[in-house]
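Presented below is the structure to which this report refers.
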Amino acid sequence: MLDRAARLRHLSEVDQDLIRRANDPQFGRWLEQITATGGCAHPIHLTGSTTVYDAATGAVLHHYDTAAEPGERLLVRCRNRRATVCPACSRLHAGDTYHLVRAGLVGGKNVPDHVRDRPRLFVTLTAPSFGPVHHAADGERCRPRRAAGVCEHGRPVGCPAVHTEADPLVGEPLCPDCYDYTGHVLWHAHAGRLWKAFTDNLYNHLAARTGRTRTGLRRSVRISYAKVAEYQSRAAVHVHAVVRLDGARGTVDEPPAWLGTELLAETVRTAAVAVRLRTPYSPALGEHELTWGTQLDVRPLRAFGGPDGMADEAVATYVAKYVTKGAGAAGSAGGTDHRVTGADDIDHALVSPHVRTLMHTCWCLGALPDLEPFRLRAWAHSLGYRGHILTKSRRYSTTYAALRAERAAHERPEAVPADDIDTVTEAQWRYVGSGHTPGAALIAAGIAEDLALNHEIARAEGEDKGACS
């Protein structure tokens, strides 16, 4: 905690910065830039220019230069998805994710509407057990044992306590010495390969179930998906995925009539159970067999109405909410938001003892030559998991880049030349910094809160109008 003198000095710095900023002749334009970034907490500072020419005549159609901007800089969003890092950009990322996932479920964004009628599932794949952990069990005792006994390290193998979700013990191993931390980290390091093996199995098992060859099936069927990775309380990743059956060319082709939702669900179950990966033999670690966990959830999806399955809107909202969750958020067990540079960083990280041990395990394993390709030290902050939080197959739906380009064109229509003119663009840009001064950070946070409130009010009014119509 800062003492009173330090707090006064800090407040003085903020006040001085606010006064200096407000007295700047370009304060109005600076506010416009902050508003344009949505109140981004860590904007990128760029300097440079862009000129658009008519390719035929050489005439200048559009020119922009930062020379006239405050500080000769243009502020752009940091685009960080984590709410713990930048609330403003995380909200925008959540909106883009919602539209990306929803488009693959019900159409829109260049995806035909009839995809909603195809076989579609919401699948949850989990990690296997690496050792018993404390868990909250809806008011029931954690791990009741009539004859509990102790493990070889002298710790109880059971737990009679009733934990709440907020209990810091939830997710912690009953015995850290019995817990397979090496297996946990290796499983995270191979998570991408486990998913690839699962999708390959889907094609193979579908072919076997329908009496077709693998090559023949792949010529008529495409499995499209979007998946999000989530850290459980035990700090192990599990995967939520929307899986959709398409024809050979993706969204433009209908899948064969002999493939239905029920058949797809049965195939998902057998394909997941059949995944078996072996790590390369290591003199220090031996060989590990990697599988998916026994907890597997497969649910059909429905676009509108109907008593069975999960609603598309609910799935898209859930995925969008999760991708913005930072490692430092409440209930998160995914390490830290920033990379660590050594064991000292791990020792001082604000994480649970279990997560800290996983990070140290990554750091130690990362020194082994056999595991060098997995770059475990570089990914120690995410417990060895190297994948993106959200990934999708190529033809599932639109892309983040397309959504951002569409938004940019909507926000700056005057900068877009006529479609019938061939243009040449000349751009020269340079990175010159990032972030805010103390006073600017305060103003940006206020703008971000106001924009978020306005968005919530507009959404509520839209829902009310929809209910009344």
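Each chain in the structure tokens gets a letter, A, B, ..., in the order shown, and its residues are numbered from 1; ligands are numbered from 1 in order too.
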Neighbours of region 264-275 of chain A within 8 Å (only C-alpha atoms; same-chain residues fewer than 5 positions away dropped), as a VMD selection string? chain A and resid 119 121 125 194 197 to 199 201 to 202 205 to 206 259 291 to 292 294 296 298 to 300
Could you pull the residues within 8 Å of Tyr431 (chain A), counting only C-alpha atoms, minus those fewer than 4 positions along the same chain, as a list in words?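 Contacts, in chain order: Ile44, His45, Leu46 and Thr47 of chain A.
Here CA of Arg102 (chain A) and CA of Arg394 (chain A) stand 15.3 Å from one another.
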Per residue of region 285-374 of chain A within 12 Å of region 230-243 of chain A, note the shortest atom pair and the distance in Å to one decimal, counting only C-alpha atoms, and order the rows by chain and increasing residue number, as a tab-separated table.
```
residue	atom	partner	partner_atom	distance
A:Trp292	CA	A:His238	CA	9.2
A:Gly293	CA	A:His238	CA	9.0
A:Thr294	CA	A:His238	CA	11.7
A:Gln295	CA	A:His238	CA	10.0
A:Leu296	CA	A:His238	CA	10.1
A:Asp297	CA	A:His240	CA	9.2
A:Val298	CA	A:Ala241	CA	9.7
A:Arg299	CA	A:Val242	CA	9.7
A:Pro300	CA	A:Val243	CA	9.6
A:Leu301	CA	A:Val242	CA	8.8
A:Arg302	CA	A:Val242	CA	11.9
A:Met310	CA	A:Val242	CA	11.1
A:Ala311	CA	A:Val242	CA	11.8
A:Asp312	CA	A:Val242	CA	9.7
A:Val315	CA	A:Val242	CA	8.4
A:Ala316	CA	A:Val242	CA	9.4
A:Tyr318	CA	A:His240	CA	10.0
A:Val319	CA	A:His240	CA	8.2
A:Ala320	CA	A:His240	CA	11.9
A:Lys321	CA	A:Glu230	CA	11.2
A:Tyr322	CA	A:Glu230	CA	7.5
A:Val323	CA	A:Glu230	CA	8.4
A:Thr324	CA	A:Glu230	CA	11.0
A:Lys325	CA	A:Glu230	CA	9.3
A:Gly326	CA	A:Tyr231	CA	10.7
A:Ala327	CA	A:Tyr231	CA	9.2
A:Ala329	CA	A:Tyr231	CA	11.7
A:Ala330	CA	A:Ser233	CA	10.9
A:Gly331	CA	A:Ser233	CA	7.2
A:Ser332	CA	A:Tyr231	CA	6.9
A:Ala333	CA	A:Ala235	CA	4.8
A:Gly334	CA	A:Tyr231	CA	5.6
A:Gly335	CA	A:Ala235	CA	8.0
A:Thr336	CA	A:Ala235	CA	11.7
A:Val351	CA	A:Ala235	CA	10.8
A:Ser352	CA	A:Ala235	CA	9.8
A:Pro353	CA	A:Ala235	CA	11.1
A:His354	CA	A:Ala235	CA	8.0
A:Val355	CA	A:Ala235	CA	6.7
A:Arg356	CA	A:Ala235	CA	10.4
A:Thr357	CA	A:Ala235	CA	10.9
A:Leu358	CA	A:Ala235	CA	8.6
A:Met359	CA	A:Ala235	CA	10.7
```
Residue among A:Thr251, A:Ser12, A:Thr97, A:Gln33 lying closest to Ile389 (chain A), counting only C-alpha atoms: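 Closest to Ile389 (chain A), using only C-alpha atoms: A:Thr97.
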Å distance separating CA of His184 (chain A) from CA of Lys392 (chain A), one decimal place: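 Separation of CA of His184 (chain A) and CA of Lys392 (chain A): 24.5 Å.
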State, in Å with one decimal place, the distance from CA of Arg278 (chain A) to CA of Leu290 (chain A).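 Pair CA of Arg278 (chain A) / CA of Leu290 (chain A) returns 6.1 Å.
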Within 10 Å of Gly48 (chain A), counting only C-alpha atoms, which residues qualify if same-chain residues fewer than 2 places away don't, as a ChimeraX atom specification? /A:46,50,64-67,72-74,427-431
Export of the given selection (N, CA and C atoms) as a PDB file, in the first residue's frame:
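To be explicit, this is the file written out as again19.pdb:
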```pdb
ATOM      1  N   LEU A  46       1.314   5.669 -33.519  1.00  0.00           N
ATOM      2  CA  LEU A  46       1.933   5.567 -34.832  1.00  0.00           C
ATOM      3  C   LEU A  46       2.170   6.953 -35.416  1.00  0.00           C
ATOM      4  N   THR A  50      -0.612   8.116 -45.239  1.00  0.00           N
ATOM      5  CA  THR A  50      -1.195   7.247 -46.261  1.00  0.00           C
ATOM      6  C   THR A  50      -1.736   8.114 -47.383  1.00  0.00           C
ATOM      7  N   TYR A  64      -3.698  11.299 -45.840  1.00  0.00           N
ATOM      8  CA  TYR A  64      -3.742  11.497 -44.390  1.00  0.00           C
ATOM      9  C   TYR A  64      -2.314  11.501 -43.870  1.00  0.00           C
ATOM     10  N   ASP A  65      -2.019  12.461 -42.981  1.00  0.00           N
ATOM     11  CA  ASP A  65      -0.683  12.589 -42.403  1.00  0.00           C
ATOM     12  C   ASP A  65      -0.833  12.941 -40.931  1.00  0.00           C
ATOM     13  N   THR A  66       0.004  12.354 -40.091  1.00  0.00           N
ATOM     14  CA  THR A  66      -0.081  12.624 -38.659  1.00  0.00           C
ATOM     15  C   THR A  66       0.594  13.933 -38.259  1.00  0.00           C
ATOM     16  N   ALA A  67       1.146  14.653 -39.206  1.00  0.00           N
ATOM     17  CA  ALA A  67       1.860  15.890 -38.868  1.00  0.00           C
ATOM     18  C   ALA A  67       0.956  16.893 -38.158  1.00  0.00           C
ATOM     19  N   GLU A  72       1.849  14.762 -33.152  1.00  0.00           N
ATOM     20  CA  GLU A  72       2.171  14.162 -34.449  1.00  0.00           C
ATOM     21  C   GLU A  72       2.031  12.639 -34.400  1.00  0.00           C
ATOM     22  N   ARG A  73       0.979  12.192 -33.692  1.00  0.00           N
ATOM     23  CA  ARG A  73       0.756  10.758 -33.528  1.00  0.00           C
ATOM     24  C   ARG A  73      -0.701  10.400 -33.788  1.00  0.00           C
ATOM     25  N   LEU A  74      -0.887   9.185 -34.286  1.00  0.00           N
ATOM     26  CA  LEU A  74      -2.218   8.608 -34.414  1.00  0.00           C
ATOM     27  C   LEU A  74      -2.329   7.468 -33.414  1.00  0.00           C
ATOM     28  N   ALA A 427       1.818   3.940 -48.326  1.00  0.00           N
ATOM     29  CA  ALA A 427       1.724   4.118 -46.872  1.00  0.00           C
ATOM     30  C   ALA A 427       3.105   4.009 -46.234  1.00  0.00           C
ATOM     31  N   GLN A 428       3.368   4.899 -45.308  1.00  0.00           N
ATOM     32  CA  GLN A 428       4.612   4.885 -44.546  1.00  0.00           C
ATOM     33  C   GLN A 428       4.274   5.127 -43.080  1.00  0.00           C
ATOM     34  N   TRP A 429       4.414   4.072 -42.276  1.00  0.00           N
ATOM     35  CA  TRP A 429       4.037   4.167 -40.868  1.00  0.00           C
ATOM     36  C   TRP A 429       5.150   3.623 -39.986  1.00  0.00           C
ATOM     37  N   ARG A 430       5.247   4.200 -38.790  1.00  0.00           N
ATOM     38  CA  ARG A 430       6.283   3.798 -37.851  1.00  0.00           C
ATOM     39  C   ARG A 430       5.727   3.787 -36.432  1.00  0.00           C
ATOM     40  N   TYR A 431       6.069   2.739 -35.692  1.00  0.00           N
ATOM     41  CA  TYR A 431       5.663   2.630 -34.290  1.00  0.00           C
ATOM     42  C   TYR A 431       6.536   3.558 -33.447  1.00  0.00           C
TER      43      TYR A 431
END
```
Which parts of region 211-371 of chain A does DSSP call strand (DSSP E) when run on the backbone here, written out as a CSV table (one decimal) with N, CA and C atoms, in the first residue's frame?
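Written file, states-v3.csv:
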```csv
chain,number,residue,atom,x,y,z
A,222,ARG,N,-17.3,-32.2,-45.6
A,222,ARG,CA,-16.3,-31.3,-44.9
A,222,ARG,C,-16.8,-31.1,-43.5
A,223,ILE,N,-15.9,-31.3,-42.5
A,223,ILE,CA,-16.3,-31.0,-41.1
A,223,ILE,C,-15.8,-29.6,-40.7
A,224,SER,N,-16.6,-28.7,-40.5
A,224,SER,CA,-16.3,-27.3,-40.1
A,224,SER,C,-16.5,-27.1,-38.6
A,225,TYR,N,-15.6,-26.3,-38.0
A,225,TYR,CA,-15.7,-26.1,-36.6
A,225,TYR,C,-15.2,-24.7,-36.2
A,226,ALA,N,-15.6,-24.3,-35.0
A,226,ALA,CA,-15.0,-23.2,-34.3
A,226,ALA,C,-14.8,-23.7,-32.8
A,227,LYS,N,-13.6,-23.5,-32.2
A,227,LYS,CA,-13.4,-24.0,-30.9
A,227,LYS,C,-12.8,-23.0,-30.0
A,228,VAL,N,-13.1,-23.0,-28.7
A,228,VAL,CA,-12.5,-22.1,-27.7
A,228,VAL,C,-11.9,-22.9,-26.6
A,229,ALA,N,-10.7,-22.5,-26.1
A,229,ALA,CA,-10.1,-23.2,-25.0
A,229,ALA,C,-10.4,-22.5,-23.7
A,230,GLU,N,-10.7,-23.3,-22.7
A,230,GLU,CA,-11.0,-22.7,-21.4
A,230,GLU,C,-10.2,-23.5,-20.3
A,231,TYR,N,-9.7,-22.7,-19.4
A,231,TYR,CA,-9.0,-23.3,-18.2
A,231,TYR,C,-10.0,-23.7,-17.1
A,237,VAL,N,-6.7,-27.2,-19.5
A,237,VAL,CA,-7.5,-26.7,-20.6
A,237,VAL,C,-8.6,-27.8,-21.0
A,238,HIS,N,-9.8,-27.3,-21.2
A,238,HIS,CA,-10.8,-28.1,-21.9
A,238,HIS,C,-11.3,-27.3,-23.1
A,239,VAL,N,-11.9,-28.0,-24.1
A,239,VAL,CA,-12.2,-27.4,-25.4
A,239,VAL,C,-13.7,-27.4,-25.6
A,240,HIS,N,-14.3,-26.3,-25.9
A,240,HIS,CA,-15.7,-26.2,-26.4
A,240,HIS,C,-15.7,-26.0,-27.9
A,241,ALA,N,-16.4,-26.7,-28.6
A,241,ALA,CA,-16.4,-26.6,-30.1
A,241,ALA,C,-17.7,-26.7,-30.7
A,242,VAL,N,-18.0,-25.9,-31.6
A,242,VAL,CA,-19.2,-26.0,-32.5
A,242,VAL,C,-18.7,-26.8,-33.7
A,243,VAL,N,-19.3,-27.9,-34.0
A,243,VAL,CA,-19.0,-28.8,-35.1
A,243,VAL,C,-20.2,-28.9,-36.1
A,244,ARG,N,-19.9,-28.6,-37.3
A,244,ARG,CA,-21.0,-28.6,-38.4
A,244,ARG,C,-20.6,-29.4,-39.5
A,245,LEU,N,-21.5,-30.1,-40.1
A,245,LEU,CA,-21.3,-30.9,-41.3
A,245,LEU,C,-21.6,-30.1,-42.5
A,246,ASP,N,-20.7,-30.0,-43.5
A,246,ASP,CA,-20.9,-29.4,-44.8
A,246,ASP,C,-20.7,-30.3,-45.9
A,277,LEU,N,-2.1,-40.5,-28.3
A,277,LEU,CA,-0.8,-40.0,-28.8
A,277,LEU,C,0.3,-40.4,-27.8
A,278,ARG,N,1.5,-40.6,-28.4
A,278,ARG,CA,2.6,-40.9,-27.5
A,278,ARG,C,3.7,-39.9,-27.7
A,289,GLU,N,1.6,-41.4,-22.7
A,289,GLU,CA,0.5,-41.6,-23.6
A,289,GLU,C,-0.5,-40.5,-23.2
A,290,LEU,N,-1.0,-39.8,-24.3
A,290,LEU,CA,-1.9,-38.7,-24.1
A,290,LEU,C,-3.2,-39.0,-24.7
A,296,LEU,N,-17.0,-36.2,-21.5
A,296,LEU,CA,-17.3,-35.7,-22.8
A,296,LEU,C,-18.8,-35.3,-22.9
A,297,ASP,N,-19.0,-34.1,-23.4
A,297,ASP,CA,-20.4,-33.6,-23.5
A,297,ASP,C,-20.7,-33.3,-25.0
A,298,VAL,N,-21.7,-33.9,-25.5
A,298,VAL,CA,-22.1,-33.7,-26.9
A,298,VAL,C,-23.6,-33.3,-26.9
A,299,ARG,N,-23.9,-32.1,-27.4
A,299,ARG,CA,-25.3,-31.6,-27.5
A,299,ARG,C,-25.6,-31.1,-28.9
A,300,PRO,N,-26.8,-31.4,-29.4
A,300,PRO,CA,-27.2,-30.9,-30.7
A,300,PRO,C,-27.6,-29.4,-30.5
A,301,LEU,N,-27.5,-28.6,-31.6
A,301,LEU,CA,-27.8,-27.2,-31.6
A,301,LEU,C,-29.1,-27.0,-32.4
A,302,ARG,N,-29.8,-25.9,-31.9
A,302,ARG,CA,-31.0,-25.6,-32.6
A,302,ARG,C,-31.0,-24.1,-32.9
A,310,MET,N,-29.1,-27.1,-27.5
A,310,MET,CA,-28.8,-25.7,-27.0
A,310,MET,C,-29.1,-24.7,-28.1
A,311,ALA,N,-29.5,-23.5,-27.7
A,311,ALA,CA,-29.8,-22.4,-28.6
A,311,ALA,C,-28.5,-21.9,-29.2
```
Have a look at A:Leu75, A:Ala408, A:Cys364, A:Ala284 and name the one nearest to Leu31 (chain A); count only C-alpha atoms.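 Result for the nearest residue to Leu31 (chain A): A:Leu75.
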Looking at A:His62, A:Arg395, A:Arg20, A:His188, which one is nearest to Val115 (chain A), with distances taken over only C-alpha atoms?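 Smallest distance to Val115 (chain A) is found for A:Arg395.
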Leaving out region 140-142 of chain A and any residue of its chain fewer than 3 positions from it, which residues lie within 10 Å of it when counting only C-alpha atoms, given as a list of chain:residue names? A:Val133, A:His134, A:His135, A:Ala136, A:Ala137, A:Arg145, A:Gly158, A:Cys159, A:Pro160, A:Ala161, A:Val162, A:His163, A:Thr164, A:Val170
What's the 6 Å shell around region 52-56 of chain A, counting only C-alpha atoms, without same-chain residues fewer than 6 positions away, as a PyMOL selection string? chain A and resi 62+422-425
